[in-house]
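As provided, work_19.cif (mmCIF, C-alpha atoms) reads as follows.
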```cif
data_structure
loop_
_atom_site.label_atom_id
_atom_site.label_comp_id
_atom_site.auth_asym_id
_atom_site.auth_seq_id
_atom_site.Cartn_x
_atom_site.Cartn_y
_atom_site.Cartn_z
CA MET A 28 84.61 25.86 310.31
CA ALA A 29 84.93 28.73 307.89
CA SER A 30 84.93 27.88 304.22
CA GLN A 31 88.30 27.92 302.52
CA HIS A 32 88.51 29.36 298.99
CA ASP A 33 91.20 29.76 296.34
CA ASP A 34 90.93 33.00 294.34
CA ASN A 35 92.40 31.25 291.27
CA CYS A 36 89.98 28.30 291.32
CA ILE A 37 87.14 28.37 288.79
CA PHE A 38 84.84 26.43 291.15
CA CYS A 39 85.58 28.84 294.02
CA LYS A 40 84.71 31.70 291.65
CA ILE A 41 81.40 29.95 290.86
CA ILE A 42 80.71 29.47 294.60
CA ASN A 43 81.44 33.19 295.21
CA GLY A 44 79.12 34.22 292.35
CA ASP A 45 81.98 35.69 290.30
CA ILE A 46 81.26 33.26 287.45
CA PRO A 47 77.65 32.31 286.61
CA CYS A 48 76.45 28.71 286.54
CA HIS A 49 73.26 26.80 285.88
CA LYS A 50 72.62 26.08 289.55
CA ILE A 51 70.57 23.02 290.42
CA TYR A 52 71.03 22.80 294.19
CA GLU A 53 72.69 24.78 296.95
CA ASP A 54 72.95 24.64 300.71
CA ASP A 55 75.52 25.93 303.22
CA ARG A 56 78.17 23.38 302.22
CA VAL A 57 77.31 22.11 298.71
CA LEU A 58 76.65 23.53 295.25
CA ALA A 59 75.43 21.53 292.24
CA PHE A 60 75.24 22.80 288.68
CA ILE A 61 75.20 21.71 285.04
CA ASP A 62 78.69 20.94 283.66
CA ILE A 63 79.70 23.40 280.91
CA GLY A 64 81.57 20.61 279.10
CA PRO A 65 79.00 17.82 279.39
CA ILE A 66 79.79 14.26 278.39
CA SER A 67 76.04 13.69 278.03
CA LYS A 68 72.80 15.63 278.39
CA GLY A 69 72.18 16.41 282.05
CA HIS A 70 75.84 16.00 283.17
CA THR A 71 75.89 17.62 286.60
CA LEU A 72 78.65 18.56 289.03
CA ILE A 73 78.41 18.55 292.82
CA ILE A 74 81.09 20.47 294.71
CA PRO A 75 81.79 21.22 298.36
CA LYS A 76 81.90 24.90 299.25
CA TYR A 77 85.37 24.30 300.63
CA HIS A 78 88.45 24.41 298.44
CA ALA A 79 90.42 21.18 298.54
CA ALA A 80 92.11 19.51 295.59
CA GLU A 81 91.50 15.93 296.76
CA ILE A 82 88.77 14.21 298.74
CA VAL A 83 91.16 13.37 301.60
CA ASP A 84 91.53 17.11 302.30
CA VAL A 85 87.80 17.90 302.53
CA PRO A 86 86.61 18.42 306.12
CA GLU A 87 84.21 15.68 307.24
CA GLU A 88 81.19 17.98 307.46
CA TYR A 89 81.60 19.08 303.83
CA ALA A 90 82.24 15.52 302.65
CA ALA A 91 79.16 14.33 304.53
CA ALA A 92 77.07 17.13 303.01
CA CYS A 93 78.20 16.08 299.52
CA GLY A 94 77.40 12.47 300.35
CA MET A 95 73.89 13.43 301.41
CA ALA A 96 73.33 15.58 298.30
CA ILE A 97 74.56 13.05 295.72
CA PRO A 98 71.60 10.60 295.88
CA LYS A 99 69.06 13.43 295.89
CA ILE A 100 70.65 15.12 292.88
CA ALA A 101 71.24 11.84 291.02
CA LYS A 102 67.55 11.00 291.43
CA ALA A 103 66.58 14.45 290.12
CA VAL A 104 68.94 14.16 287.13
CA GLN A 105 67.58 10.73 286.27
CA GLY A 106 64.01 11.94 286.65
CA ALA A 107 64.60 15.00 284.49
CA THR A 108 66.55 13.23 281.75
CA GLY A 109 64.84 9.86 281.71
CA CYS A 110 68.25 8.21 281.47
CA PRO A 111 68.11 4.50 282.33
CA ALA A 112 71.50 4.64 284.08
CA TYR A 113 74.20 7.03 285.22
CA ASN A 114 77.77 7.09 286.50
CA ILE A 115 78.95 8.94 289.57
CA LEU A 116 82.61 9.85 289.17
CA GLN A 117 85.10 11.60 291.43
CA ASN A 118 88.77 11.89 290.35
CA ASN A 119 91.73 12.65 292.63
CA GLY A 120 94.88 13.90 290.95
CA GLN A 121 95.92 14.52 287.37
CA LEU A 122 96.84 10.88 286.77
CA ALA A 123 93.26 9.94 287.70
CA GLY A 124 91.87 12.39 285.15
CA GLN A 125 91.19 15.36 287.43
CA ALA A 126 91.22 18.58 285.39
CA VAL A 127 89.86 21.09 287.94
CA PHE A 128 91.68 20.80 291.25
CA HIS A 129 88.70 21.44 293.50
CA VAL A 130 86.92 18.29 294.65
CA HIS A 131 83.88 17.58 292.53
CA PHE A 132 81.54 14.72 291.80
CA HIS A 133 80.15 14.10 288.33
CA ILE A 134 76.69 12.65 287.70
CA ILE A 135 76.89 11.49 284.10
CA PRO A 136 73.65 10.19 282.54
CA ARG A 137 73.91 7.10 280.30
CA TYR A 138 71.38 6.76 277.51
CA SER A 139 73.09 3.92 275.65
CA ALA A 140 76.38 2.05 275.63
CA GLU A 141 77.73 4.74 273.29
CA THR A 142 76.75 7.81 275.36
CA GLY A 143 78.10 9.12 278.63
CA LEU A 144 81.27 7.97 280.33
CA ASN A 145 83.11 5.45 278.19
CA TYR A 146 85.71 3.21 279.76
CA LYS A 147 86.78 -0.39 279.62
CA TRP A 148 87.06 -2.07 283.00
CA ILE A 149 89.49 -4.95 282.80
CA PRO A 150 89.35 -6.87 286.09
CA GLY A 151 92.50 -8.52 287.36
CA GLN A 152 92.89 -11.54 289.62
CA LEU A 153 93.32 -10.98 293.36
CA ASP A 154 96.37 -12.75 294.78
CA GLU A 155 95.64 -14.03 298.31
CA THR A 156 99.05 -13.03 299.68
CA ASP A 157 98.73 -9.53 298.22
CA ALA A 158 95.20 -9.25 299.63
CA VAL A 159 96.31 -10.12 303.16
CA GLU A 160 99.27 -7.70 302.99
CA MET A 161 97.20 -4.88 301.47
CA LYS A 162 94.38 -5.38 303.98
CA ALA A 163 96.86 -5.02 306.84
CA ALA A 164 98.59 -1.99 305.29
CA ILE A 165 95.32 -0.16 304.65
CA ALA A 166 93.97 -0.99 308.12
CA ASN A 167 97.19 0.33 309.69
CA ASN A 168 96.76 3.59 307.79
CA LEU A 169 93.26 4.03 309.21
CA LYS A 170 94.79 4.54 312.67
#
```

Rewrite the structure from the file as structure tokens, please.
Amino acid sequence: MASQHDDNCIFCKIINGDIPCHKIYEDDRVLAFIDIGPISKGHTLIIPKYHAAEIVDVPEEYAAACGMAIPKIAKAVQGATGCPAYNILQNNGQLAGQAVFHVHFHIIPRYSAETGLNYKWIPGQLDETDAVEMKAAIANNLK
């Protein structure tokens, strides 16, 4: 499958070499580079070389290539930075915090509770009836 690009997309411009980046890794389907607006030292982005705004629109071969690159790059980031932990983040849609509408994965090193990605996870309580209904609805959408 030929790569799809959007001439107005900053990440497509980086892929095409029109905008420079601090490249860490590249293969036929994936590019990884240092984020220019890092949350913490070593913040790295991994992008497919296929323009799609959300993960559901990325062809399987590009998604698989990203999936294979993420652990390798995360290990390299952790080794280079010495961070004891890191977050891997991928947002879909503006409401989810996506700012660049080209699929991308963040590797965000954590050096302390105060550095890196800050969020407060407030777990809810799973209702058994809702769980059964949601399981069925999601399974039906897999078909």

Just checking: using all atoms listed in the file, which residue out of A:Cys39, A:Asp62, A:Pro47, A:Pro111 ends up closest to Lys76 of chain A? A:Cys39

So that I can see what lies close to segment 120-123 of chain A, please list as a ChimeraX atom specification the residues with an atom at most 8 Å from it, counting all atoms listed in the file and leaving out residues fewer than 5 positions away in the same chain. /A:80-81,128

Write the residues of the selection above to a file with C-alpha atoms, as a PDB file, in the frame of the given file.
```pdb
ATOM      1  CA  ALA A  80      92.110  19.510 295.590  1.00  0.00           C
ATOM      2  CA  GLU A  81      91.500  15.930 296.760  1.00  0.00           C
ATOM      3  CA  PHE A 128      91.680  20.800 291.250  1.00  0.00           C
TER       4      PHE A 128
END
```

Selected residue, from A:Ile46, A:His70, A:Ile41, A:Trp148, that lies nearest to Ala103 of chain A when counting all atoms listed in the file: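 When distances to Ala103 of chain A are compared using all atoms listed in the file, the smallest one comes from A:His70.
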
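Distances to Ile115 of chain A were evaluated for A:Leu72, A:Leu153, A:Ala90, A:Ile61 using only C-alpha atoms, and the minimum falls at A:Leu72.
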
Quick one: residues within 12 Å of Ile135 of chain A, all atoms listed in the file counted, chain neighbours fewer than 2 positions away excluded, as JSON, numbers by chain? {"A": [61, 62, 64, 65, 66, 67, 68, 69, 70, 71, 72, 73, 97, 100, 101, 102, 104, 105, 108, 110, 111, 112, 113, 114, 115, 116, 117, 132, 133, 137, 138, 139, 142, 143, 144, 145]}

Pick from A:His32, A:His131, A:Lys162, A:Lys40 nearest to Val57 of chain A, counting only C-alpha atoms: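 That would be A:His131, the residue with the smallest distance to Val57 of chain A.
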
Expected selection from the PyMOL selection byres ((chain A and resi 88) around 12), given as a PyMOL selection string: chain A and resi 28-30+55-57+75-77+84-87+89-95

Report, in Å to a single decimal, how far apart atom CA of Asp54 of chain A and atom CA of Ala96 of chain A are. 9.4 Å

d(atom CA of Asn167 of chain A, atom CA of Val83 of chain A) in Å: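 Spanning atom CA of Asn167 of chain A to atom CA of Val83 of chain A is a straight-line distance of 16.5 Å.
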
For Pro136 of chain A, which residue out of A:Gly124, A:Gly106, A:Gly44, A:Pro150 is the nearest one, using only C-alpha atoms?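 For Pro136 of chain A, the nearest of the candidates is A:Gly106.
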
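Comparing the minimum interatomic distances between Ile51 of chain A and each of A:Asn119, A:Lys170, A:Ala79, A:Lys99, counting all atoms listed in the file, we find that A:Lys99 sits nearest.
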
Length of the atom CA of Val130 of chain A to atom CA of Cys36 of chain A vector [Å]: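 Pair atom CA of Val130 of chain A / atom CA of Cys36 of chain A returns 11.0 Å.
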
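Those residues that approach Leu58 of chain A to within 6 Å, counting only C-alpha atoms, are Tyr52, Glu53, Ile73 and Ile74 of chain A; same-chain residues fewer than 5 positions away are not listed.
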
Just the selected residues (C-alpha atoms), exported as a compact mmCIF listing (two decimals), in the frame of the given file, please.
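part_4.txt was written with the following content:
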```
# COMPACT_ATOMS: atom_id res chain seq x y z
CA TYR A 52 71.03 22.80 294.19
CA GLU A 53 72.69 24.78 296.95
CA ILE A 73 78.41 18.55 292.82
CA ILE A 74 81.09 20.47 294.71
```

Listed atoms of segment 113-120 of chain A boxed along x, y and z, 8 Å each side, centre and edge lengths in Å, one decimal, as lines of an AutoDock Vina configuration file:
```
center_x = 84.5
center_y = 10.5
center_z = 288.9
size_x = 36.7
size_y = 22.9
size_z = 23.4
```

Answer key for the PyMOL selection byres ((chain A and resi 49) around 6), residues as number ranges by chain: A: 48, 50, 60-61

Starting from the incomplete input, reconstruct N, CA and C atoms of segment 89-118 of chain A and report them as a short mmCIF file (atom, residue, chain, number, x, y, z; two decimals), in the frame of the given file.
```
data_model
loop_
_atom_site.label_atom_id
_atom_site.label_comp_id
_atom_site.auth_asym_id
_atom_site.auth_seq_id
_atom_site.Cartn_x
_atom_site.Cartn_y
_atom_site.Cartn_z
N TYR A 89 81.84 18.77 305.25
CA TYR A 89 81.60 19.08 303.83
C TYR A 89 81.49 17.79 303.02
N ALA A 90 82.32 16.81 303.33
CA ALA A 90 82.24 15.52 302.65
C ALA A 90 80.89 14.85 302.92
N ALA A 91 80.45 14.92 304.17
CA ALA A 91 79.16 14.33 304.53
C ALA A 91 78.02 15.05 303.81
N ALA A 92 78.11 16.36 303.71
CA ALA A 92 77.07 17.13 303.01
C ALA A 92 77.01 16.74 301.53
N CYS A 93 78.18 16.55 300.91
CA CYS A 93 78.20 16.08 299.52
C CYS A 93 77.57 14.69 299.43
N GLY A 94 77.95 13.83 300.35
CA GLY A 94 77.40 12.47 300.35
C GLY A 94 75.89 12.45 300.49
N MET A 95 75.34 13.36 301.25
CA MET A 95 73.89 13.43 301.41
C MET A 95 73.22 14.03 300.18
N ALA A 96 73.91 14.93 299.48
CA ALA A 96 73.33 15.58 298.30
C ALA A 96 73.37 14.68 297.06
N ILE A 97 74.38 13.85 296.94
CA ILE A 97 74.56 13.05 295.72
C ILE A 97 73.33 12.21 295.37
N PRO A 98 72.77 11.40 296.28
CA PRO A 98 71.60 10.60 295.88
C PRO A 98 70.40 11.44 295.48
N LYS A 99 70.19 12.54 296.19
CA LYS A 99 69.06 13.43 295.89
C LYS A 99 69.21 14.03 294.49
N ILE A 100 70.41 14.50 294.17
CA ILE A 100 70.65 15.12 292.88
C ILE A 100 70.66 14.09 291.76
N ALA A 101 71.24 12.92 292.03
CA ALA A 101 71.24 11.84 291.02
C ALA A 101 69.80 11.45 290.67
N LYS A 102 68.95 11.34 291.67
CA LYS A 102 67.55 11.00 291.43
C LYS A 102 66.86 12.08 290.59
N ALA A 103 67.17 13.35 290.87
CA ALA A 103 66.58 14.45 290.12
C ALA A 103 67.09 14.47 288.68
N VAL A 104 68.38 14.20 288.49
CA VAL A 104 68.94 14.16 287.13
C VAL A 104 68.30 13.02 286.35
N GLN A 105 68.18 11.87 286.97
CA GLN A 105 67.58 10.73 286.27
C GLN A 105 66.11 11.01 285.96
N GLY A 106 65.41 11.61 286.90
CA GLY A 106 64.01 11.94 286.65
C GLY A 106 63.83 12.95 285.54
N ALA A 107 64.71 13.94 285.50
CA ALA A 107 64.60 15.00 284.49
C ALA A 107 65.01 14.52 283.10
N THR A 108 66.02 13.65 283.04
CA THR A 108 66.55 13.23 281.75
C THR A 108 65.92 11.96 281.22
N GLY A 109 65.37 11.15 282.11
CA GLY A 109 64.84 9.86 281.71
C GLY A 109 65.92 8.84 281.40
N CYS A 110 67.16 9.15 281.75
CA CYS A 110 68.25 8.21 281.47
C CYS A 110 68.04 6.92 282.26
N PRO A 111 68.31 5.77 281.63
CA PRO A 111 68.11 4.50 282.33
C PRO A 111 69.23 4.18 283.31
N ALA A 112 70.36 4.90 283.22
CA ALA A 112 71.50 4.64 284.08
C ALA A 112 72.36 5.90 284.16
N TYR A 113 73.28 5.90 285.09
CA TYR A 113 74.20 7.03 285.22
C TYR A 113 75.44 6.57 285.97
N ASN A 114 76.53 7.31 285.75
CA ASN A 114 77.77 7.09 286.50
C ASN A 114 77.95 8.23 287.48
N ILE A 115 78.50 7.92 288.64
CA ILE A 115 78.95 8.94 289.57
C ILE A 115 80.46 8.79 289.61
N LEU A 116 81.16 9.88 289.32
CA LEU A 116 82.61 9.85 289.17
C LEU A 116 83.23 10.94 290.02
N GLN A 117 84.34 10.61 290.67
CA GLN A 117 85.10 11.60 291.43
C GLN A 117 86.57 11.24 291.26
N ASN A 118 87.35 12.13 290.64
CA ASN A 118 88.77 11.89 290.35
C ASN A 118 89.65 12.65 291.35
#
```
